[in-house]
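Source file entry_5.cif; content: mmCIF, C-alpha atoms.
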data_data
loop_
_atom_site.label_atom_id
_atom_site.label_comp_id
_atom_site.auth_asym_id
_atom_site.auth_seq_id
_atom_site.Cartn_x
_atom_site.Cartn_y
_atom_site.Cartn_z
CA MET W 355 63.78 -124.85 -25.26
CA ARG W 356 66.02 -121.93 -26.17
CA GLU W 357 64.40 -118.60 -25.37
CA ILE W 358 63.93 -116.14 -28.22
CA LYS W 359 64.23 -112.41 -27.70
CA LEU W 360 61.05 -110.81 -29.02
CA ARG W 361 60.84 -107.42 -30.69
CA THR W 362 58.08 -105.49 -28.92
CA SER W 363 58.52 -101.82 -29.87
CA GLN W 364 55.37 -101.77 -32.04
CA ARG W 365 53.02 -103.27 -29.43
CA PRO W 366 50.36 -100.95 -27.94
CA ARG W 367 50.57 -102.96 -24.68
CA PRO W 368 53.38 -104.80 -22.87
CA LEU W 369 53.86 -108.52 -23.41
CA PRO W 370 51.60 -110.65 -21.21
CA PRO W 371 53.14 -112.18 -18.07
CA GLY W 372 54.75 -115.60 -18.20
CA ARG W 373 56.35 -117.42 -21.11
CA TRP W 374 54.86 -118.04 -24.52
CA ALA W 375 53.44 -121.55 -24.94
CA MET W 376 53.48 -122.06 -28.70
CA THR W 377 55.16 -120.64 -31.77
CA GLN W 378 54.30 -121.11 -35.44
CA ARG W 379 55.28 -119.56 -38.75
CA TRP W 380 52.47 -118.53 -41.10
CA ASN W 381 53.38 -118.45 -44.81
CA ASP W 382 51.93 -117.05 -48.04
CA LEU W 383 48.75 -115.63 -46.55
CA LEU W 384 45.92 -114.06 -48.47
CA PHE W 385 43.89 -111.66 -46.36
CA ALA W 386 40.52 -111.36 -48.12
CA HIS W 387 38.03 -109.10 -46.33
CA TRP W 388 34.45 -108.13 -47.02
CA ARG W 389 32.13 -105.57 -45.45
CA ALA W 390 29.18 -107.03 -43.54
CA GLN W 391 26.19 -105.67 -41.66
CA PRO W 392 27.26 -105.00 -38.05
CA SER W 393 24.00 -106.32 -36.60
CA GLN W 394 24.33 -109.56 -38.54
CA VAL W 395 27.88 -110.25 -37.34
CA ALA W 396 27.35 -109.02 -33.77
CA ALA W 397 24.50 -111.52 -33.33
CA LEU W 398 27.01 -114.36 -33.80
CA LEU W 399 29.44 -113.24 -31.09
CA PRO W 400 29.56 -114.81 -27.62
CA GLU W 401 28.88 -112.87 -24.45
CA GLY W 402 31.82 -110.70 -23.45
CA LEU W 403 32.74 -109.39 -26.91
CA HIS W 404 31.78 -106.23 -28.74
CA LEU W 405 31.99 -106.01 -32.52
CA ASP W 406 34.79 -103.72 -33.73
CA THR W 407 33.92 -101.74 -36.85
CA PHE W 408 35.82 -99.69 -39.42
CA ASP W 409 34.21 -97.09 -41.64
CA GLY W 410 30.83 -98.05 -40.18
CA SER W 411 31.04 -101.71 -41.23
CA ALA W 412 31.83 -105.05 -39.70
CA TRP W 413 34.60 -106.88 -41.55
CA VAL W 414 34.66 -110.60 -42.24
CA GLY W 415 37.94 -112.16 -43.29
CA VAL W 416 38.83 -115.41 -45.04
CA VAL W 417 42.51 -116.25 -44.66
CA PRO W 418 44.18 -119.16 -46.50
CA PHE W 419 47.84 -119.93 -45.77
CA TRP W 420 50.22 -122.71 -44.78
CA MET W 421 52.08 -123.05 -41.52
CA ASP W 422 55.34 -124.62 -40.40
CA ARG W 423 57.93 -124.39 -37.58
CA ILE W 424 55.28 -125.39 -35.05
CA LYS W 425 56.63 -125.73 -31.50
CA VAL W 426 54.76 -126.31 -28.23
CA ARG W 427 56.54 -126.13 -24.90
CA GLY W 428 56.88 -129.58 -23.36
CA VAL W 429 54.89 -131.37 -26.08
CA PRO W 430 56.40 -133.72 -28.70
CA THR W 431 55.92 -132.80 -32.32
CA ILE W 432 52.61 -134.06 -33.71
CA PRO W 433 53.37 -136.57 -36.53
CA GLY W 434 52.73 -135.04 -39.93
CA ALA W 435 51.93 -131.66 -38.40
CA ARG W 436 55.20 -129.87 -39.07
CA SER W 437 53.78 -128.21 -42.17
CA PHE W 438 50.22 -128.08 -43.54
CA PRO W 439 47.70 -125.63 -45.06
CA GLU W 440 44.99 -123.95 -43.03
CA LEU W 441 42.03 -121.67 -43.62
CA ASN W 442 40.14 -119.49 -41.15
CA LEU W 443 37.02 -117.37 -41.03
CA ARG W 444 37.25 -114.38 -38.69
CA THR W 445 35.97 -111.01 -37.62
CA TYR W 446 37.27 -108.21 -35.39
CA VAL W 447 36.18 -107.53 -31.86
CA ARG W 448 36.94 -105.87 -28.52
CA ASP W 449 36.84 -107.38 -25.08
CA HIS W 450 33.80 -106.00 -23.21
CA ARG W 451 35.67 -105.57 -19.92
CA THR W 452 39.03 -104.23 -21.09
CA GLY W 453 38.43 -102.86 -24.57
CA THR W 454 41.31 -104.97 -25.88
CA PRO W 455 41.10 -105.35 -29.68
CA GLY W 456 41.33 -108.88 -31.02
CA VAL W 457 40.40 -111.45 -33.64
CA TYR W 458 37.39 -113.75 -33.22
CA PHE W 459 37.38 -117.07 -35.08
CA PHE W 460 34.12 -118.48 -36.44
CA SER W 461 35.87 -121.54 -37.89
CA LEU W 462 39.26 -123.00 -38.72
CA ASP W 463 39.84 -125.68 -41.36
CA GLY W 464 42.99 -127.80 -41.33
CA ALA W 465 44.45 -130.45 -43.59
CA ASN W 466 46.07 -132.54 -40.83
CA LEU W 467 43.56 -134.89 -39.18
CA LEU W 468 45.56 -135.52 -36.02
CA ALA W 469 46.14 -131.80 -35.44
CA VAL W 470 42.43 -131.15 -35.95
CA MET W 471 41.46 -133.94 -33.53
CA VAL W 472 43.83 -132.64 -30.85
CA ALA W 473 42.54 -129.09 -31.26
CA ARG W 474 38.89 -130.17 -31.07
CA SER W 475 39.20 -132.87 -28.38
CA PHE W 476 41.58 -131.18 -25.97
CA TYR W 477 41.28 -127.49 -26.81
CA HIS W 478 37.61 -127.37 -27.93
CA MET W 479 38.44 -125.31 -31.01
CA PRO W 480 35.98 -124.84 -33.92
CA TYR W 481 38.30 -126.84 -36.18
CA TYR W 482 37.21 -128.95 -39.15
CA TRP W 483 39.14 -131.55 -41.06
CA ALA W 484 39.29 -130.60 -44.72
CA GLU W 485 40.61 -131.86 -48.00
CA MET W 486 43.04 -129.04 -48.62
CA ARG W 487 45.97 -128.15 -50.81
CA ILE W 488 48.07 -125.15 -51.70
CA GLU W 489 50.12 -125.15 -54.87
CA ALA W 490 52.82 -122.61 -55.68
CA LYS W 491 52.48 -121.34 -59.25
CA SER W 492 55.42 -118.96 -58.86
CA GLU W 493 57.31 -117.33 -56.00
CA LYS W 494 54.30 -115.28 -54.92
CA GLU W 495 51.36 -116.89 -56.74
CA PHE W 496 49.34 -119.74 -55.27
CA ALA W 497 46.33 -121.91 -55.98
CA PHE W 498 44.41 -122.87 -52.84
CA PHE W 499 41.59 -125.39 -52.47
CA SER W 500 39.66 -126.51 -49.39
CA ARG W 501 36.63 -128.79 -49.05
CA ARG W 502 35.36 -129.49 -45.53
CA ARG W 503 34.92 -133.21 -44.80
CA PHE W 504 31.97 -134.96 -43.11
CA VAL W 505 29.49 -132.08 -43.29
CA SER W 506 25.93 -132.24 -44.54
CA LYS W 507 26.33 -129.17 -46.75
CA PRO W 508 29.50 -128.51 -48.80
CA VAL W 509 31.82 -125.80 -47.51
CA ILE W 510 34.35 -125.09 -50.25
CA PHE W 511 36.91 -122.37 -50.79
CA LYS W 512 38.79 -122.18 -54.07
CA ALA W 513 41.02 -119.30 -55.12
CA ARG W 514 44.15 -118.29 -56.95
CA TYR W 515 46.06 -115.33 -55.51
CA ARG W 516 49.35 -113.51 -55.77
CA GLY W 517 51.34 -110.81 -54.00
CA LEU W 518 51.93 -107.63 -55.99
CA GLY W 519 54.94 -106.39 -54.03
CA PRO W 520 55.40 -103.98 -51.11
CA THR W 521 54.44 -100.32 -51.36
CA ARG W 522 55.33 -97.25 -49.29
CA LYS W 523 51.67 -96.92 -48.25
CA LEU W 524 51.56 -100.41 -46.73
CA ALA W 525 55.05 -100.16 -45.24
CA GLU W 526 53.99 -97.02 -43.38
CA SER W 527 50.44 -97.99 -42.39
CA ARG W 528 49.36 -96.14 -39.26
CA SER W 529 46.48 -96.10 -36.83
CA GLY W 530 43.32 -95.10 -38.69
CA THR W 531 44.06 -97.15 -41.81
CA ILE W 532 42.20 -100.32 -42.77
CA GLU W 533 45.49 -102.25 -42.72
CA TYR W 534 46.18 -101.24 -39.13
CA PHE W 535 42.62 -102.12 -38.09
CA LEU W 536 42.84 -105.61 -39.60
CA THR W 537 46.33 -106.64 -38.52
CA GLU W 538 47.53 -104.80 -35.39
CA ARG W 539 45.82 -107.20 -32.98
CA TYR W 540 47.53 -109.20 -30.28
CA CYS W 541 44.67 -111.17 -28.81
CA LEU W 542 42.69 -114.12 -30.23
CA PHE W 543 39.20 -115.08 -29.06
CA THR W 544 37.04 -118.15 -29.43
CA HIS W 545 34.66 -120.07 -27.16
CA ASN W 546 34.79 -123.56 -25.72
CA THR W 547 32.11 -126.26 -25.77
CA ALA W 548 30.51 -124.77 -22.63
CA GLY W 549 30.05 -121.49 -24.52
CA GLU W 550 32.64 -119.70 -22.36
CA LEU W 551 34.72 -116.97 -23.93
CA VAL W 552 38.40 -117.93 -24.29
CA ARG W 553 41.31 -115.56 -24.90
CA ALA W 554 44.89 -116.23 -25.99
CA ASN W 555 47.45 -113.45 -26.13
CA VAL W 556 49.75 -113.46 -29.15
CA HIS W 557 52.79 -111.58 -30.34
CA HIS W 558 54.32 -110.87 -33.74
CA VAL W 559 56.12 -108.06 -35.50
CA PRO W 560 54.00 -105.83 -37.77
CA TRP W 561 52.65 -107.76 -40.75
CA PRO W 562 54.82 -107.25 -43.89
CA LEU W 563 51.84 -106.58 -46.13
CA GLU W 564 51.69 -106.31 -49.89
CA ASP W 565 48.87 -105.45 -52.25
CA ALA W 566 47.34 -108.59 -53.72
CA ALA W 567 45.25 -109.84 -56.60
CA ALA W 568 42.94 -112.83 -56.34
CA ASP W 569 40.48 -114.82 -58.38
CA ILE W 570 38.13 -116.30 -55.79
CA GLU W 571 36.17 -118.93 -57.67
CA ARG W 572 34.15 -120.18 -54.71
CA ASN W 573 33.78 -119.06 -51.10
CA ASP W 574 31.20 -120.88 -48.98
CA LEU W 575 32.58 -119.90 -45.57
CA PRO W 576 30.58 -116.72 -44.75
CA ALA W 577 27.29 -118.30 -45.89
CA SER W 578 28.03 -121.39 -43.75
CA ILE W 579 27.39 -119.28 -40.63
CA GLY W 580 24.67 -117.09 -42.13
CA ILE W 581 26.70 -114.02 -43.12
CA ASP W 582 25.77 -112.36 -46.39
CA ILE W 583 28.66 -110.59 -48.14
CA GLN W 584 26.62 -110.10 -51.33
CA GLU W 585 28.32 -109.33 -54.62
CA GLN W 586 31.18 -107.08 -53.56
CA GLU W 587 34.87 -106.95 -54.27
CA PRO W 588 37.05 -107.93 -51.31
CA VAL W 589 39.86 -105.87 -49.83
CA LEU W 590 42.99 -107.93 -50.52
CA HIS W 591 46.43 -108.14 -48.93
CA TYR W 592 49.24 -110.68 -49.14
CA SER W 593 51.99 -111.51 -46.66
CA ARG W 594 54.98 -113.73 -47.35
CA ARG W 595 55.66 -115.07 -43.84
CA LEU W 596 55.50 -114.18 -40.17
CA ALA W 597 56.46 -115.88 -36.90
CA VAL W 598 53.70 -115.87 -34.27
CA TYR W 599 54.00 -116.55 -30.54
CA MET W 600 51.06 -117.56 -28.32
CA TRP W 601 50.61 -117.48 -24.58
CA PRO W 602 48.57 -120.07 -22.61
CA PRO W 603 44.82 -119.64 -23.11
CA GLU W 604 42.51 -118.52 -20.33
CA LEU W 605 38.88 -117.80 -19.69
CA ALA W 606 38.19 -114.19 -20.64
CA MET W 607 35.20 -114.04 -18.28
CA PRO W 608 35.77 -116.03 -15.06
CA ALA W 609 32.73 -117.85 -13.75
CA ARG W 610 30.96 -116.06 -10.90
CA GLY W 611 32.06 -117.20 -7.49
CA ARG W 612 35.15 -119.00 -8.77
CA GLN W 613 38.74 -117.99 -9.30
CA ARG W 614 40.15 -117.52 -12.76
CA ILE W 615 41.15 -120.87 -14.24
CA PRO W 616 42.93 -121.87 -17.44
CA ALA W 617 40.56 -122.52 -20.32
CA GLN W 618 40.83 -125.64 -22.44
CA ALA W 619 41.20 -123.87 -25.77
CA MET W 620 43.86 -122.25 -27.88
CA PRO W 621 43.46 -120.64 -31.30
CA SER W 622 45.94 -121.86 -33.90
CA ALA W 623 45.59 -119.10 -36.45
#

Would you put the structure from the file into structure tokens?
Amino acid sequence: MREIKLRTSQRPRPLPPGRWAMTQRWNDLLFAHWRAQPSQVAALLPEGLHLDTFDGSAWVGVVPFWMDRIKVRGVPTIPGARSFPELNLRTYVRDHRTGTPGVYFFSLDGANLLAVMVARSFYHMPYYWAEMRIEAKSEKEFAFFSRRRFVSKPVIFKARYRGLGPTRKLAESRSGTIEYFLTERYCLFTHNTAGELVRANVHHVPWPLEDAAADIERNDLPASIGIDIQEQEPVLHYSRRLAVYMWPPELAMPARGRQRIPAQAMPSA
């Protein structure tokens, strides 16, 4: 596979050692974030992570988008998985040992059954197969629908959103802003079926954010894990597209008495 020279000037830390293992392009994202009680969110995190807060609050994000240009080193393309919509539920954390800021995934919903089965069976990801579609209403306006399959209680997300165009404020976001807190993160966390904390380093250029407007008709994701966002307006951002590179996953907390070993998990978004 041809190597790609990565722009790294914005990173707070050097690139991780070794070669990236996977690359994807994420398209037409809505970042919808709500404040949540820190104690409520922290109680859902695995050992080894501290909740990261901004302005005294935990932040829970729901992110619909579609991905394409998926490449994995040494692995044939998964049939039908070259392009499909996805939805994730996340919060923001720091590694207990290193203080590294990152994203923690509570769940990921995908429209491609085979991709979901691979992620769950071989990588132990909290993926769910969902009836899902994204429909472009104009260049920057989209209707998104997701209904999780084979669950006892419906988990539905339905929204219409649009980008409102770039602004100087977002183009020049700096440390200390909510945009920087939510997006300048180069580490993804989840846990495997044994409950062990798993980390995957990632790389991307700074998110090209825009202000956004959204009509969120239904959002069952936070309540599905017991998080109450009450009746509050979300903080909204839109991004047109971004290429993301991932390094091989590893256990963030090696088992006592054993050497560090690769973990069988890799976040996809």

Task: Residues matched by the PyMOL selection byres ((chain W and resi 486) around 10), written as JSON, numbers by chain - done: {"W": [438, 439, 440, 441, 463, 464, 465, 466, 483, 484, 485, 487, 488, 498, 499, 500, 501, 502, 503, 510, 511, 512]}

TODO: Fewer than 6 positions away in the same chain doesn't count, so skip those; otherwise give me all residues within 8 Å of segment 582-592 of chain W, counting only C-alpha atoms, as a VMD selection string.
DONE: chain W and resid 382 to 390 516 to 518 563 to 568 576

Task: Residues in the PyMOL selection byres ((chain W and resi 581) around 12), expressed as a PyMOL selection string - done: chain W and resi 388-398+412-415+443-445+460+573-580+582-584

Atoms kept (C-alpha atoms) for selection, written as a JSON list (two decimals), in the frame of the given file:
[["chain", "number", "residue", "atom", "x", "y", "z"],
["W", 388, "TRP", "CA", 34.45, -108.13, -47.02],
["W", 389, "ARG", "CA", 32.13, -105.57, -45.45],
["W", 390, "ALA", "CA", 29.18, -107.03, -43.54],
["W", 391, "GLN", "CA", 26.19, -105.67, -41.66],
["W", 392, "PRO", "CA", 27.26, -105.00, -38.05],
["W", 393, "SER", "CA", 24.00, -106.32, -36.60],
["W", 394, "GLN", "CA", 24.33, -109.56, -38.54],
["W", 395, "VAL", "CA", 27.88, -110.25, -37.34],
["W", 396, "ALA", "CA", 27.35, -109.02, -33.77],
["W", 397, "ALA", "CA", 24.50, -111.52, -33.33],
["W", 398, "LEU", "CA", 27.01, -114.36, -33.80],
["W", 412, "ALA", "CA", 31.83, -105.05, -39.70],
["W", 413, "TRP", "CA", 34.60, -106.88, -41.55],
["W", 414, "VAL", "CA", 34.66, -110.60, -42.24],
["W", 415, "GLY", "CA", 37.94, -112.16, -43.29],
["W", 443, "LEU", "CA", 37.02, -117.37, -41.03],
["W", 444, "ARG", "CA", 37.25, -114.38, -38.69],
["W", 445, "THR", "CA", 35.97, -111.01, -37.62],
["W", 460, "PHE", "CA", 34.12, -118.48, -36.44],
["W", 573, "ASN", "CA", 33.78, -119.06, -51.10],
["W", 574, "ASP", "CA", 31.20, -120.88, -48.98],
["W", 575, "LEU", "CA", 32.58, -119.90, -45.57],
["W", 576, "PRO", "CA", 30.58, -116.72, -44.75],
["W", 577, "ALA", "CA", 27.29, -118.30, -45.89],
["W", 578, "SER", "CA", 28.03, -121.39, -43.75],
["W", 579, "ILE", "CA", 27.39, -119.28, -40.63],
["W", 580, "GLY", "CA", 24.67, -117.09, -42.13],
["W", 582, "ASP", "CA", 25.77, -112.36, -46.39],
["W", 583, "ILE", "CA", 28.66, -110.59, -48.14],
["W", 584, "GLN", "CA", 26.62, -110.10, -51.33]]

Task: Selection result for the PyMOL selection byres ((chain W and resi 407) around 9) on this file, as a PyMOL selection string - done: chain W and resi 392+405-406+408-413+446-447+535

With C-alpha atoms retained, could you export that selection as a PDB file, in the frame of the given file?
ATOM      1  CA  PRO W 392      27.260-105.000 -38.050  1.00  0.00           C
ATOM      2  CA  LEU W 405      31.990-106.010 -32.520  1.00  0.00           C
ATOM      3  CA  ASP W 406      34.790-103.720 -33.730  1.00  0.00           C
ATOM      4  CA  PHE W 408      35.820 -99.690 -39.420  1.00  0.00           C
ATOM      5  CA  ASP W 409      34.210 -97.090 -41.640  1.00  0.00           C
ATOM      6  CA  GLY W 410      30.830 -98.050 -40.180  1.00  0.00           C
ATOM      7  CA  SER W 411      31.040-101.710 -41.230  1.00  0.00           C
ATOM      8  CA  ALA W 412      31.830-105.050 -39.700  1.00  0.00           C
ATOM      9  CA  TRP W 413      34.600-106.880 -41.550  1.00  0.00           C
ATOM     10  CA  TYR W 446      37.270-108.210 -35.390  1.00  0.00           C
ATOM     11  CA  VAL W 447      36.180-107.530 -31.860  1.00  0.00           C
ATOM     12  CA  PHE W 535      42.620-102.120 -38.090  1.00  0.00           C
TER      13      PHE W 535
END

Task: Top pick for closest residue to Val429 of chain W, considering W:Val470, W:Ala375, W:Val457, W:Trp380 and counting only C-alpha atoms - done: W:Ala375

Task: Å distance separating atom CA of Asn442 of chain W from atom CA of Trp420 of chain W, one decimal place - done: 11.2 Å

TODO: Go ahead and compute the interatomic distance for atom CA of Leu536 of chain W and atom CA of Met421 of chain W, in Å to one decimal.
DONE: 19.8 Å

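Going from atom CA of Trp561 of chain W to atom CA of Asp422 of chain W covers 17.1 Å.
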
Some atoms are absent from segment 573-598 of chain W, so rebuild N, CA and C atoms and return them as a PDB file, keeping the file's coordinate frame.
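Result file result.pdb:
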ATOM      1  N   ASN W 573      33.554-119.400 -52.504  1.00  0.00           N
ATOM      2  CA  ASN W 573      33.780-119.060 -51.100  1.00  0.00           C
ATOM      3  C   ASN W 573      32.495-119.315 -50.314  1.00  0.00           C
ATOM      4  N   ASP W 574      32.397-120.495 -49.722  1.00  0.00           N
ATOM      5  CA  ASP W 574      31.200-120.880 -48.980  1.00  0.00           C
ATOM      6  C   ASP W 574      31.272-120.525 -47.496  1.00  0.00           C
ATOM      7  N   LEU W 575      32.401-120.052 -47.019  1.00  0.00           N
ATOM      8  CA  LEU W 575      32.580-119.900 -45.570  1.00  0.00           C
ATOM      9  C   LEU W 575      31.626-118.895 -44.929  1.00  0.00           C
ATOM     10  N   PRO W 576      31.509-117.650 -45.413  1.00  0.00           N
ATOM     11  CA  PRO W 576      30.580-116.720 -44.750  1.00  0.00           C
ATOM     12  C   PRO W 576      29.143-117.246 -44.719  1.00  0.00           C
ATOM     13  N   ALA W 577      28.668-117.788 -45.837  1.00  0.00           N
ATOM     14  CA  ALA W 577      27.290-118.300 -45.890  1.00  0.00           C
ATOM     15  C   ALA W 577      27.085-119.479 -44.946  1.00  0.00           C
ATOM     16  N   SER W 578      28.156-120.221 -44.630  1.00  0.00           N
ATOM     17  CA  SER W 578      28.030-121.390 -43.750  1.00  0.00           C
ATOM     18  C   SER W 578      27.621-121.001 -42.340  1.00  0.00           C
ATOM     19  N   ILE W 579      27.834-119.741 -41.948  1.00  0.00           N
ATOM     20  CA  ILE W 579      27.390-119.280 -40.630  1.00  0.00           C
ATOM     21  C   ILE W 579      26.328-118.185 -40.745  1.00  0.00           C
ATOM     22  N   GLY W 580      25.787-118.007 -41.946  1.00  0.00           N
ATOM     23  CA  GLY W 580      24.670-117.090 -42.130  1.00  0.00           C
ATOM     24  C   GLY W 580      25.044-115.643 -42.386  1.00  0.00           C
ATOM     25  N   ILE W 581      26.276-115.384 -42.812  1.00  0.00           N
ATOM     26  CA  ILE W 581      26.700-114.020 -43.120  1.00  0.00           C
ATOM     27  C   ILE W 581      26.608-113.793 -44.626  1.00  0.00           C
ATOM     28  N   ASP W 582      25.965-112.698 -44.989  1.00  0.00           N
ATOM     29  CA  ASP W 582      25.770-112.360 -46.390  1.00  0.00           C
ATOM     30  C   ASP W 582      26.766-111.268 -46.785  1.00  0.00           C
ATOM     31  N   ILE W 583      27.704-111.597 -47.660  1.00  0.00           N
ATOM     32  CA  ILE W 583      28.660-110.590 -48.140  1.00  0.00           C
ATOM     33  C   ILE W 583      28.260-110.052 -49.516  1.00  0.00           C
ATOM     34  N   GLN W 584      27.162-110.570 -50.064  1.00  0.00           N
ATOM     35  CA  GLN W 584      26.620-110.100 -51.330  1.00  0.00           C
ATOM     36  C   GLN W 584      27.675-110.120 -52.427  1.00  0.00           C
ATOM     37  N   GLU W 585      27.399-109.385 -53.485  1.00  0.00           N
ATOM     38  CA  GLU W 585      28.320-109.330 -54.620  1.00  0.00           C
ATOM     39  C   GLU W 585      29.193-108.088 -54.490  1.00  0.00           C
ATOM     40  N   GLN W 586      30.272-108.207 -53.745  1.00  0.00           N
ATOM     41  CA  GLN W 586      31.180-107.080 -53.560  1.00  0.00           C
ATOM     42  C   GLN W 586      32.617-107.540 -53.705  1.00  0.00           C
ATOM     43  N   GLU W 587      33.456-106.645 -54.122  1.00  0.00           N
ATOM     44  CA  GLU W 587      34.870-106.950 -54.270  1.00  0.00           C
ATOM     45  C   GLU W 587      35.548-106.924 -52.911  1.00  0.00           C
ATOM     46  N   PRO W 588      36.374-107.919 -52.597  1.00  0.00           N
ATOM     47  CA  PRO W 588      37.050-107.930 -51.310  1.00  0.00           C
ATOM     48  C   PRO W 588      38.235-106.968 -51.271  1.00  0.00           C
ATOM     49  N   VAL W 589      38.601-106.579 -50.070  1.00  0.00           N
ATOM     50  CA  VAL W 589      39.860-105.870 -49.830  1.00  0.00           C
ATOM     51  C   VAL W 589      40.933-106.946 -49.670  1.00  0.00           C
ATOM     52  N   LEU W 590      42.002-106.852 -50.443  1.00  0.00           N
ATOM     53  CA  LEU W 590      42.990-107.930 -50.520  1.00  0.00           C
ATOM     54  C   LEU W 590      44.378-107.473 -50.069  1.00  0.00           C
ATOM     55  N   HIS W 591      45.033-108.337 -49.293  1.00  0.00           N
ATOM     56  CA  HIS W 591      46.430-108.140 -48.930  1.00  0.00           C
ATOM     57  C   HIS W 591      47.122-109.505 -48.951  1.00  0.00           C
ATOM     58  N   TYR W 592      48.418-109.468 -49.157  1.00  0.00           N
ATOM     59  CA  TYR W 592      49.240-110.680 -49.140  1.00  0.00           C
ATOM     60  C   TYR W 592      50.391-110.480 -48.168  1.00  0.00           C
ATOM     61  N   SER W 593      50.806-111.569 -47.501  1.00  0.00           N
ATOM     62  CA  SER W 593      51.990-111.510 -46.660  1.00  0.00           C
ATOM     63  C   SER W 593      52.805-112.776 -46.863  1.00  0.00           C
ATOM     64  N   ARG W 594      54.099-112.606 -47.022  1.00  0.00           N
ATOM     65  CA  ARG W 594      54.980-113.730 -47.350  1.00  0.00           C
ATOM     66  C   ARG W 594      55.130-114.692 -46.187  1.00  0.00           C
ATOM     67  N   ARG W 595      55.518-114.197 -45.015  1.00  0.00           N
ATOM     68  CA  ARG W 595      55.660-115.070 -43.840  1.00  0.00           C
ATOM     69  C   ARG W 595      55.786-114.236 -42.587  1.00  0.00           C
ATOM     70  N   LEU W 596      55.430-114.859 -41.460  1.00  0.00           N
ATOM     71  CA  LEU W 596      55.500-114.180 -40.170  1.00  0.00           C
ATOM     72  C   LEU W 596      55.536-115.212 -39.055  1.00  0.00           C
ATOM     73  N   ALA W 597      56.419-115.026 -38.085  1.00  0.00           N
ATOM     74  CA  ALA W 597      56.460-115.880 -36.900  1.00  0.00           C
ATOM     75  C   ALA W 597      55.477-115.336 -35.856  1.00  0.00           C
ATOM     76  N   VAL W 598      54.724-116.241 -35.239  1.00  0.00           N
ATOM     77  CA  VAL W 598      53.700-115.870 -34.270  1.00  0.00           C
ATOM     78  C   VAL W 598      53.940-116.647 -32.982  1.00  0.00           C
TER      79      VAL W 598
END
